[in-house]
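Visitor: The structure file input_23.csv (CSV, C-alpha atoms) is provided below.
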chain,number,residue,atom,x,y,z
A,1,MET,CA,114.2,147.3,107.7
A,2,LYS,CA,117.5,145.7,106.8
A,3,LYS,CA,118.5,145.7,110.5
A,4,ILE,CA,115.3,143.9,111.4
A,5,ILE,CA,115.8,141.2,108.7
A,6,VAL,CA,119.4,140.7,109.8
A,7,PHE,CA,118.3,140.4,113.5
A,8,PHE,CA,115.7,137.8,112.7
A,9,THR,CA,118.2,135.9,110.5
A,10,LEU,CA,120.6,135.8,113.4
A,11,LEU,CA,117.8,134.5,115.6
A,12,LEU,CA,117.0,131.7,113.3
A,13,ILE,CA,120.7,130.7,112.9
A,14,THR,CA,121.1,130.8,116.7
A,15,ALA,CA,118.0,128.7,117.3
A,16,SER,CA,119.2,126.2,114.7
A,17,ALA,CA,122.6,126.0,116.3
A,18,ASN,CA,121.1,125.5,119.8
A,19,ALA,CA,118.5,123.0,118.7
A,20,GLU,CA,118.8,119.9,120.8
A,21,SER,CA,119.9,116.8,119.0
A,22,LYS,CA,118.0,113.5,119.3
A,23,LEU,CA,121.2,112.2,120.9
A,24,GLN,CA,120.8,114.6,123.8
A,25,THR,CA,117.0,114.0,124.1
A,26,ILE,CA,117.4,110.2,124.1
A,27,LYS,CA,120.1,110.4,126.8
A,28,LYS,CA,118.0,112.8,128.9
A,29,ASN,CA,114.8,110.7,128.6
A,30,GLY,CA,116.6,107.3,129.0
A,31,GLU,CA,114.7,105.9,126.1
A,32,LEU,CA,115.3,105.1,122.4
A,33,ARG,CA,112.1,105.2,120.4
A,34,VAL,CA,112.3,102.9,117.3
A,35,GLY,CA,109.7,102.9,114.5
A,36,THR,CA,109.2,99.5,112.9
A,37,THR,CA,106.6,97.7,110.7
A,38,GLY,CA,107.0,94.3,112.2
A,39,ASP,CA,106.1,92.6,108.9
A,40,TRP,CA,109.5,92.1,107.2
A,41,ASP,CA,110.9,88.6,107.7
A,42,PRO,CA,113.6,88.3,109.0
A,43,MET,CA,114.4,92.0,109.7
A,44,SER,CA,111.5,92.9,111.9
A,45,MET,CA,108.6,90.6,112.8
A,46,LYS,CA,105.9,91.1,115.4
A,47,ASP,CA,104.3,88.2,117.2
A,48,PRO,CA,100.6,88.9,117.3
A,49,ALA,CA,100.2,86.6,120.3
A,50,THR,CA,102.6,88.5,122.5
A,51,ASN,CA,103.0,91.8,120.6
A,52,LYS,CA,106.7,91.4,120.9
A,53,TYR,CA,109.2,92.0,118.1
A,54,LYS,CA,112.0,89.9,116.9
A,55,GLY,CA,114.4,89.9,114.0
A,56,PHE,CA,117.8,91.1,112.7
A,57,ASP,CA,116.9,94.8,113.0
A,58,ILE,CA,115.3,94.3,116.4
A,59,ASP,CA,118.6,92.8,117.7
A,60,VAL,CA,120.5,95.8,116.1
A,61,MET,CA,118.3,98.3,117.9
A,62,ARG,CA,118.5,96.5,121.2
A,63,GLU,CA,122.3,96.5,120.9
A,64,LEU,CA,122.3,100.2,120.1
A,65,ALA,CA,120.1,101.0,123.1
A,66,LYS,CA,122.3,98.9,125.3
A,67,ASP,CA,125.5,100.6,124.2
A,68,MET,CA,123.8,104.0,124.8
A,69,GLY,CA,122.8,103.0,128.3
A,70,VAL,CA,119.0,103.5,127.6
A,71,LYS,CA,115.8,101.5,127.2
A,72,VAL,CA,114.4,100.7,123.8
A,73,LYS,CA,110.8,101.3,122.9
A,74,PHE,CA,109.4,99.8,119.6
A,75,VAL,CA,106.7,102.0,118.1
A,76,PRO,CA,104.4,100.3,115.6
A,77,ALA,CA,104.6,101.8,112.1
A,78,GLU,CA,103.3,101.1,108.6
A,79,TRP,CA,105.2,101.3,105.3
A,80,LYS,CA,102.9,104.1,104.0
A,81,THR,CA,103.6,106.3,107.1
A,82,ILE,CA,107.1,105.2,108.3
A,83,VAL,CA,108.7,108.3,106.9
A,84,ALA,CA,106.0,110.5,108.4
A,85,GLY,CA,106.7,109.0,111.7
A,86,ILE,CA,110.2,110.4,111.6
A,87,THR,CA,109.1,113.9,110.5
A,88,ALA,CA,106.3,114.0,113.1
A,89,ASP,CA,108.7,112.9,115.9
A,90,ARG,CA,106.8,109.7,116.8
A,91,TYR,CA,110.1,108.0,117.0
A,92,ASP,CA,113.8,108.9,117.0
A,93,ILE,CA,115.0,106.3,114.5
A,94,SER,CA,113.5,103.5,112.3
A,95,THR,CA,114.6,100.0,111.7
A,96,SER,CA,116.1,99.5,108.3
A,97,VAL,CA,114.5,100.9,105.2
A,98,THR,CA,115.7,101.1,101.6
A,99,LYS,CA,117.4,104.3,100.7
A,100,THR,CA,115.4,106.1,98.0
A,101,PRO,CA,115.6,109.7,96.7
A,102,LYS,CA,112.0,110.3,97.6
A,103,ARG,CA,112.5,109.4,101.3
A,104,ALA,CA,115.8,111.3,101.4
A,105,GLU,CA,113.9,114.5,100.6
A,106,VAL,CA,112.4,114.6,104.1
A,107,ALA,CA,114.4,112.1,106.2
A,108,GLY,CA,118.0,111.4,107.0
A,109,PHE,CA,119.8,108.1,106.4
A,110,THR,CA,122.6,106.6,108.5
A,111,THR,CA,125.4,104.7,106.8
A,112,THR,CA,124.4,101.5,105.1
A,113,TYR,CA,124.9,98.1,106.7
A,114,TYR,CA,123.1,95.7,104.4
A,115,LYS,CA,122.6,95.4,100.6
A,116,TYR,CA,120.1,93.2,98.8
A,117,ALA,CA,118.7,92.6,95.3
A,118,THR,CA,115.1,92.8,94.2
A,119,VAL,CA,113.5,89.6,92.8
A,120,PRO,CA,110.0,88.6,91.6
A,121,LEU,CA,107.9,85.9,93.2
A,122,VAL,CA,105.3,83.8,91.4
A,123,LEU,CA,103.5,80.6,92.2
A,124,LYS,CA,105.8,77.6,91.6
A,125,LYS,CA,103.3,76.0,89.2
A,126,ASN,CA,103.5,79.2,87.0
A,127,LEU,CA,107.3,79.2,86.6
A,128,LYS,CA,107.1,77.9,83.0
A,129,LYS,CA,104.6,80.7,82.2
A,130,PHE,CA,106.8,83.4,84.0
A,131,PRO,CA,110.5,82.3,83.6
A,132,THR,CA,111.9,85.8,83.3
A,133,TRP,CA,111.3,89.4,84.5
A,134,GLU,CA,110.2,90.4,81.0
A,135,SER,CA,107.5,87.7,81.0
A,136,LEU,CA,105.9,89.5,83.8
A,137,ASN,CA,105.9,92.8,82.0
A,138,ASN,CA,102.7,92.2,80.1
A,139,SER,CA,99.3,93.9,80.0
A,140,ASN,CA,97.6,90.6,80.9
A,141,VAL,CA,99.8,90.3,84.1
A,142,LYS,CA,98.8,91.6,87.5
A,143,ILE,CA,101.7,92.6,89.9
A,144,ALA,CA,100.9,93.1,93.6
A,145,THR,CA,102.8,95.7,95.7
A,146,THR,CA,102.6,96.8,99.3
A,147,LEU,CA,101.6,100.4,99.7
A,148,GLY,CA,104.4,102.7,100.8
A,149,THR,CA,107.3,100.3,100.1
A,150,SER,CA,110.2,101.0,97.8
A,151,GLN,CA,109.0,98.0,95.7
A,152,GLU,CA,105.8,99.9,95.0
A,153,GLU,CA,107.8,102.5,93.1
A,154,LYS,CA,110.1,100.0,91.5
A,155,ALA,CA,107.2,98.0,90.1
A,156,LYS,CA,106.2,101.0,88.0
A,157,GLU,CA,109.8,101.0,86.5
A,158,PHE,CA,110.2,97.3,86.0
A,159,PHE,CA,106.6,96.5,84.8
A,160,PRO,CA,105.3,99.5,82.9
A,161,LYS,CA,102.9,97.3,80.8
A,162,SER,CA,101.5,95.3,83.7
A,163,LYS,CA,98.5,96.0,85.9
A,164,LEU,CA,99.8,97.1,89.3
A,165,GLN,CA,97.7,96.4,92.4
A,166,SER,CA,98.7,98.0,95.8
A,167,VAL,CA,97.5,96.4,99.0
A,168,GLU,CA,97.6,98.2,102.4
A,169,ALA,CA,99.2,96.8,105.6
A,170,PRO,CA,98.6,94.6,107.4
A,171,ALA,CA,98.0,92.8,104.1
A,172,ARG,CA,101.1,92.0,102.1
A,173,ASP,CA,101.7,91.7,98.3
A,174,PHE,CA,102.9,88.1,98.4
A,175,GLN,CA,99.6,87.1,100.0
A,176,GLU,CA,97.9,88.3,96.8
A,177,VAL,CA,100.0,85.9,94.8
A,178,LEU,CA,99.3,83.0,97.2
A,179,ALA,CA,95.6,83.7,96.9
A,180,GLY,CA,95.7,83.8,93.1
A,181,ARG,CA,94.6,87.5,92.9
A,182,ALA,CA,98.0,88.5,91.4
A,183,ASP,CA,100.5,86.8,89.1
A,184,GLY,CA,103.5,88.1,90.9
A,185,ASN,CA,105.1,90.5,93.2
A,186,ILE,CA,108.7,91.9,93.8
A,187,THR,CA,110.5,91.9,97.1
A,188,SER,CA,114.0,91.9,98.6
A,189,SER,CA,116.1,88.8,98.0
A,190,THR,CA,116.3,88.6,101.8
A,191,GLU,CA,112.6,88.2,102.3
A,192,ALA,CA,112.1,86.1,99.2
A,193,ASN,CA,114.5,83.4,100.4
A,194,LYS,CA,112.5,83.2,103.6
A,195,LEU,CA,109.1,83.2,102.0
A,196,VAL,CA,109.8,80.3,99.6
A,197,ILE,CA,110.8,78.2,102.6
A,198,LYS,CA,107.7,79.2,104.6
A,199,TYR,CA,105.4,78.9,101.5
A,200,PRO,CA,106.7,76.2,99.2
A,201,GLN,CA,104.0,77.0,96.6
A,202,LEU,CA,106.0,80.2,95.9
A,203,ALA,CA,109.1,80.4,93.7
A,204,ILE,CA,111.6,83.1,92.8
A,205,VAL,CA,111.7,83.9,89.1
A,206,PRO,CA,115.1,82.3,88.1
A,207,ASP,CA,116.7,84.9,85.9
A,208,GLY,CA,118.4,86.8,88.7
A,209,GLY,CA,118.0,89.8,90.9
A,210,LYS,CA,117.9,93.4,89.9
A,211,ASN,CA,118.3,96.9,91.4
A,212,PRO,CA,120.8,96.4,94.2
A,213,ALA,CA,119.4,98.3,97.2
A,214,PHE,CA,120.9,99.7,100.3
A,215,LEU,CA,119.4,99.4,103.8
A,216,ALA,CA,119.9,102.0,106.5
A,217,MET,CA,118.2,103.5,109.5
A,218,MET,CA,116.1,106.6,109.1
A,219,VAL,CA,116.7,109.6,111.4
A,220,PRO,CA,115.5,113.2,111.4
A,221,LYS,CA,116.8,115.1,108.4
A,222,GLY,CA,119.4,117.8,109.4
A,223,ASP,CA,120.3,116.2,112.8
A,224,LYS,CA,123.9,115.6,112.0
A,225,ILE,CA,125.0,114.9,115.6
A,226,TRP,CA,122.5,112.0,115.9
A,227,ASN,CA,123.2,110.7,112.4
A,228,ASP,CA,126.9,110.8,112.9
A,229,TYR,CA,126.6,109.0,116.2
A,230,VAL,CA,124.6,106.1,114.8
A,231,SER,CA,126.7,105.9,111.6
A,232,ASN,CA,129.9,105.7,113.6
A,233,TRP,CA,128.3,103.1,115.9
A,234,ILE,CA,127.5,101.0,112.8
A,235,LYS,CA,131.0,101.2,111.6
A,236,LYS,CA,132.4,100.2,115.0
A,237,LYS,CA,130.0,97.3,115.2
A,238,GLN,CA,131.0,96.2,111.7
A,239,SER,CA,134.7,96.2,112.7
A,240,SER,CA,133.9,94.3,115.9
A,241,GLY,CA,132.2,91.5,114.0
A,242,PHE,CA,128.7,92.2,115.5
A,243,PHE,CA,127.0,92.4,112.1
A,244,LYS,CA,128.8,89.3,110.8
A,245,THR,CA,127.6,87.3,113.8
A,246,LEU,CA,124.0,88.6,113.3
A,247,LEU,CA,124.0,87.7,109.6
A,248,ALA,CA,125.0,84.1,110.5
A,249,LYS,CA,122.3,84.0,113.2
A,250,TYR,CA,119.6,84.8,110.7
A,251,ASP,CA,121.2,82.9,107.8
A,252,LEU,CA,121.5,86.1,105.8
A,253,LYS,CA,124.0,87.1,103.1
A,254,SER,CA,124.6,90.7,102.1
A,255,LEU,CA,125.4,91.4,98.5
Hey, can you dump this file as structure tokens for me?
Guide:
Amino acid sequence: MKKIIVFFTLLLITASANAESKLQTIKKNGELRVGTTGDWDPMSMKDPATNKYKGFDIDVMRELAKDMGVKVKFVPAEWKTIVAGITADRYDISTSVTKTPKRAEVAGFTTTYYKYATVPLVLKKNLKKFPTWESLNNSNVKIATTLGTSQEEKAKEFFPKSKLQSVEAPARDFQEVLAGRADGNITSSTEANKLVIKYPQLAIVPDGGKNPAFLAMMVPKGDKIWNDYVSNWIKKKQSSGFFKTLLAKYDLKSL
């Protein structure tokens, strides 16, 4: 019996060692499959008229595919299922997501290449009513979140007294604030700075950002070869000035 157990253990170890990395599969197929939500300005935005993607992360992925000598294919994803897309092999990598312990349980993360703060958004006309984070932490206040985002989890931490309302993509949390169905929402400082320009009726609550968060690409958990390849590529691109140029292109500042 012990010999049989040892035999099957060796088989599992051998199978694991011989498992093909995503790097090999991508090179063999000539295609990099990228999961992206297309609703995060300016990281990944999908034009409904053309179904084409643009943004900071889209440029990053096109550059990665170019350097690998393969084509890039963008696969539509939603925040609530973006992690499942990695585990179910619907794509090889995702555009940037926030590193969270919950996601790290089932997916791998590359090295970080962007850092942001979390800020609340309210209607500009309500700034006197909601001048601070704490003013939003009230049982009479409704906070909107987008299902599956890291902000959905953080809202529970920041606003334990408030009423939390999750909306499902393609709807977005800030749209609930614009429509008056919610008092506020939280988002990345990156997106917030873009939203207040696009929608001047919105404003960032002025008492500062919280919870510095780190962005990285998601890859299959346990695929060290693929993770190391992408992480090393990120480091080389940082040294070459690629990311600095891209930050300037999209008028972004990393913390």
Visitor: Might you pull out every residue within 9 Å of A:Met218, with all atoms listed in the file counted and same-chain residues fewer than 5 positions away left off, and present them as number ranges by chain?
Guide: A: 83, 86, 92-97, 99, 107-110, 227
Visitor: Which one is closest to A:Thr146: A:Pro206, A:Gln238, A:Asp39, A:Ala84? Count all atoms listed in the file.
Guide: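 Once distances to A:Thr146 are computed over all atoms listed in the file, the minimum belongs to A:Asp39.
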Visitor: Find the residues of stretch 189-241 of chain A that sit at most 12 Å from stretch 153-156 of chain A; for each, write down the nearest two atoms and how far apart they are in Å, to one decimal. Count all atoms listed in the file. Sort by chain, then by number going up, and give it as a tab-separated table.
Guide:
residue	atom	partner	partner_atom	distance
A:Lys210	CA	A:Lys154	CA	10.3
A:Asn211	CA	A:Lys154	CA	8.8
A:Pro212	CA	A:Lys154	CA	11.6
A:Ala213	CA	A:Lys154	CA	11.0
Visitor: Skip A:Ala169 itself and residues of its chain fewer than 4 positions away, then list as a short mmCIF file (atom, residue, chain, number, x, y, z; two decimals) with C-alpha atoms, in the coordinates of the input all residues within 10 Å of it, counting all atoms listed in the file.
Guide:
data_model
loop_
_atom_site.label_atom_id
_atom_site.label_comp_id
_atom_site.auth_asym_id
_atom_site.auth_seq_id
_atom_site.Cartn_x
_atom_site.Cartn_y
_atom_site.Cartn_z
CA THR A 37 106.60 97.70 110.70
CA ASP A 39 106.10 92.60 108.90
CA ALA A 77 104.60 101.80 112.10
CA GLU A 78 103.30 101.10 108.60
CA TRP A 79 105.20 101.30 105.30
CA LYS A 80 102.90 104.10 104.00
CA THR A 146 102.60 96.80 99.30
CA LEU A 147 101.60 100.40 99.70
CA GLY A 148 104.40 102.70 100.80
CA ASP A 173 101.70 91.70 98.30
#
Visitor: Just to confirm, what's the straight-line distance from atom CA of A:Val34 to atom CA of A:Arg62 in Å (one decimal)?
Guide: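 It comes out at 9.7 Å.
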Visitor: May I have the residues within 7 Å of A:Tyr116 as a tab-separated table (two decimals) with C-alpha atoms, in the frame of the given file, using all atoms listed in the file and disregarding those fewer than 4 positions away in the same chain?
Guide:
chain	number	residue	atom	x	y	z
A	188	SER	CA	114.00	91.90	98.60
A	189	SER	CA	116.10	88.80	98.00
A	190	THR	CA	116.30	88.60	101.80
A	212	PRO	CA	120.80	96.40	94.20
A	213	ALA	CA	119.40	98.30	97.20
A	214	PHE	CA	120.90	99.70	100.30
A	254	SER	CA	124.60	90.70	102.10
A	255	LEU	CA	125.40	91.40	98.50
Visitor: Taking only C-alpha atoms into account, which of A:Ile58, A:Ile186, A:Leu164, A:Met68 comes nearest A:Lys27?
Guide: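 Nearest candidate to A:Lys27 out of A:Ile58, A:Ile186, A:Leu164, A:Met68: A:Met68.
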Visitor: Select, from A:Val196, A:Ala171, A:Ile26, A:Val205, the residue with the minimum atom-to-atom distance to A:Tyr91, counting all atoms listed in the file.
Guide: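 Between A:Val196, A:Ala171, A:Ile26, A:Val205, the residue approaching A:Tyr91 most closely is A:Ile26.
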Visitor: Which residue is closest to A:Lys235? Choose from A:Phe130, A:Asn185, A:Tyr113, A:Ala179 and count all atoms listed in the file.
Guide: A:Tyr113
Visitor: Please report the interatomic distance between atom CA of A:Glu31 and atom CA of A:Lys71 in Å with one decimal.
Guide: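 Taking atom CA of A:Glu31 and atom CA of A:Lys71, their separation equals 4.7 Å.
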